[in-house]
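For reference, the structure is listed below as structure tokens.
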Amino acid sequence: MSGTLGDLGEFGLIGALVARVPTGPHVSLGPGDDAAVVAAADGRVVATMDLLVEGRHFRRDWSTAYDVGRKAAAQNLADVAAMGAVPTALLIGLCGPPDLPTGWALELYDGLRDECAVVGAGVAGGDVVGGETVTVAVTALGDLQGRAPVVRSGARPGDVLAVAGWLGWSAAGLAILGHGHRAPRAFVEAHRRPEPPYDAGPGAAILGATSMIDVSDGLLADMGHLSRASEVRIDILSGRLDVPAQMRDVARALGADPLHWVLTGGEDHALVATFPAGTALPARWRVIGRVHAGRGVTVDGRDPGLAGGWDHFGRGR
């Protein structure tokens with residue numbers, strides 16, 4: 001569709017976007033009323049939301065609108081999975097300037113639709129508004145299916161720490177793009193369109209995970225969140241972290257440390273969970289550390305000496 005949001009108008013845009021996305025099996029009343037109705041067979045609803053702001057979370061010269069849609073959905077669906085729940089629906093807010101091409105907004109919703117399809121979720125509704133900066137707000141809902149939520153505060157000394165998914169790939173992709181390159185594509189695509197291991201979240205709950213979190217701010221930062229909530233010390237074993245040879249090659253070419261990407265890089269949305277010692281873990285869960293009495297996060301028993309993770313209001317941001 002040619003033209004801009006200003007040409008199409010608010011209600012024309014809403015009609016075009018709604019036609020782009022299915023509501024999914026969990027939505028009994030979708031767009032068109034003052035609010036949607038989403039099934040909550042469990043009697044509880046897992047809810048989370050995130051914002052993506054142009055220039056802060058994405059650049060239109062680095063990522064297509066479709067990429068941004070996939071990423072916006074993924075980071076919210078991963079939060080639902082990190083609670084041990086199954087995603088059911090998204091609510092989408094879009095802010096954009098009147099001169100934003102209509103095609104960009106439609107491609108964004110194509111990305112949202114396709115990422116929802118990975119987990120069988122739908123888009124239940126949302127809002128559009130005009131503004132100077134392209135901003136995407138996503139609220140995700142999920143179903144615990146009768147299980148207790150897996151929270152951050154359940155880790156206990158003696159537990160093992162395990163990860164499902166990739167670490168450091170998005171950070172490597174961001175570094176590649178920042179240096180004006182577009183390859184290796186595997187890392188660039190990991191930054192543009194993360195691939196969280198969604199089903200590993202409910203799977204971890206069934207396995208008896210004592211705590212869980214998705215890695216959005218960086219492994220060290222997110223383990224800090226888990227450590228504080230559980231009042232334990234988390235020791236990451238560097239020898240257990242997967243640093244692929246190609247990542248090492250890219251880091252060498254860019255003058256970077258690949259382990260730094262793995263420890264501090266965010267937006268991979270891997271799932272990290274703690275399990276009682278002796279739990280028979282599937283191959284997708286790699287043990288990368290241990291939980292001990294105490295406080296804080298260590299690497300191989302020592303302070304890593306790294307400024308870990310993303311802080312939106314930190315100095316220099």
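Identifiers in this document derive from the order of the structure tokens: chains are assigned A, B, ..., residues are numbered from 1 separately in each chain, and ligands are numbered from 1 in order of occurrence.
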Who sits within 12 Å of stretch 223-231 of chain A, only C-alpha atoms, same chain under 5 positions skipped, as a VMD selection string: chain A and resid 150 to 157 159 161 to 163 210 to 218 236 263 to 264 271 to 274 288 to 299 307 to 309
Would you return as a VMD selection string the members of stretch 47-128 of chain A that DSSP assigns to helix (DSSP H, G or I) on this structure's backbone? chain A and resid 65 to 81 102 to 119
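Among the candidates A:Leu141, A:Ala245, A:Ala72, A:Ile176, the one nearest to A:His57 when counting only C-alpha atoms is A:Ala72.
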Stretch 77-99 of chain A near stretch 21-45 of chain A within 12 Å: what's each residue's closest atom pair and its distance in Å to one decimal, counting only C-alpha atoms, ordered by chain then ascending residue number, as CSV?
residue,atom,partner,partner_atom,distance
A:Val80,CA,A:Val45,CA,10.0
A:Met83,CA,A:Val45,CA,11.1
A:Ala85,CA,A:Val45,CA,9.2
A:Val86,CA,A:Val45,CA,10.3
A:Pro87,CA,A:His26,CA,9.5
A:Thr88,CA,A:His26,CA,5.9
A:Ala89,CA,A:His26,CA,7.1
A:Leu90,CA,A:Thr23,CA,8.9
A:Leu91,CA,A:Ala36,CA,9.1
A:Ile92,CA,A:Pro31,CA,10.9
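For the atom pair formed by atom CA of A:Val138 and atom CA of A:Gly122, the distance is 12.3 Å, given to one decimal.
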Env of A:Gly201: 8 Å cut, atoms = only C-alpha atoms, seq-sep filter 2 positions within chain, self excluded. Answer as a PyMOL selection string. chain A and resi 81-85+197-199+203-205+271
Using only C-alpha atoms, find the one residue out of A:Asp303, A:Asp110, A:Asp79, A:Glu267 that sits nearest to A:Arg192.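 Of A:Asp303, A:Asp110, A:Asp79, A:Glu267, the one nearest A:Arg192 is A:Glu267, counting only C-alpha atoms.
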Do you have the atom CA of A:Gly305-atom CA of A:Ala175 distance handy? 21.0 Å
Could you tell me, as a list in words, which residues of stretch 48-115 of chain A DSSP assigns to strand (DSSP E or B) when given the backbone?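 Checking each residue of stretch 48-115 of chain A, the strand (DSSP E or B) ones are Thr48, Met49, Asp50, Leu51, Leu52, Val53, Glu54, Phe58, Val86, Pro87, Thr88, Ala89, Leu90, Leu91, Ile92, Gly93, Leu94, Cys95, Gly96 and Pro101 of chain A.
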What's around stretch 252-262 of chain A at 6 Å? Count only C-alpha atoms, leave out sequence neighbours fewer than 5 positions away in its own chain, and write the answer as a list of chain:residue names. A:Leu167, A:Gly168, A:Ala171
Expressed in Å, the length from atom CA of A:Gly208 to atom CA of A:Val232 is 18.5 Å
Using only C-alpha atoms: which of A:Ala270, A:Leu8, A:Leu219, A:Ala105 has the shortest distance to A:Leu306: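 Of A:Ala270, A:Leu8, A:Leu219, A:Ala105, the one nearest A:Leu306, counting only C-alpha atoms, is A:Leu219.
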Under the rule that only C-alpha atoms are counted, which of A:Leu100, A:Leu241, A:Val188, A:Ala140 is the nearest residue to A:Asp7? A:Leu100
Which residues are close to A:Glu189, i.e. within 10 Å by only C-alpha atoms, leaving aside same-chain residues fewer than 3 positions away? Reply as a ChimeraX atom specification. /A:63,67,169-170,173-174,182-186,192-195
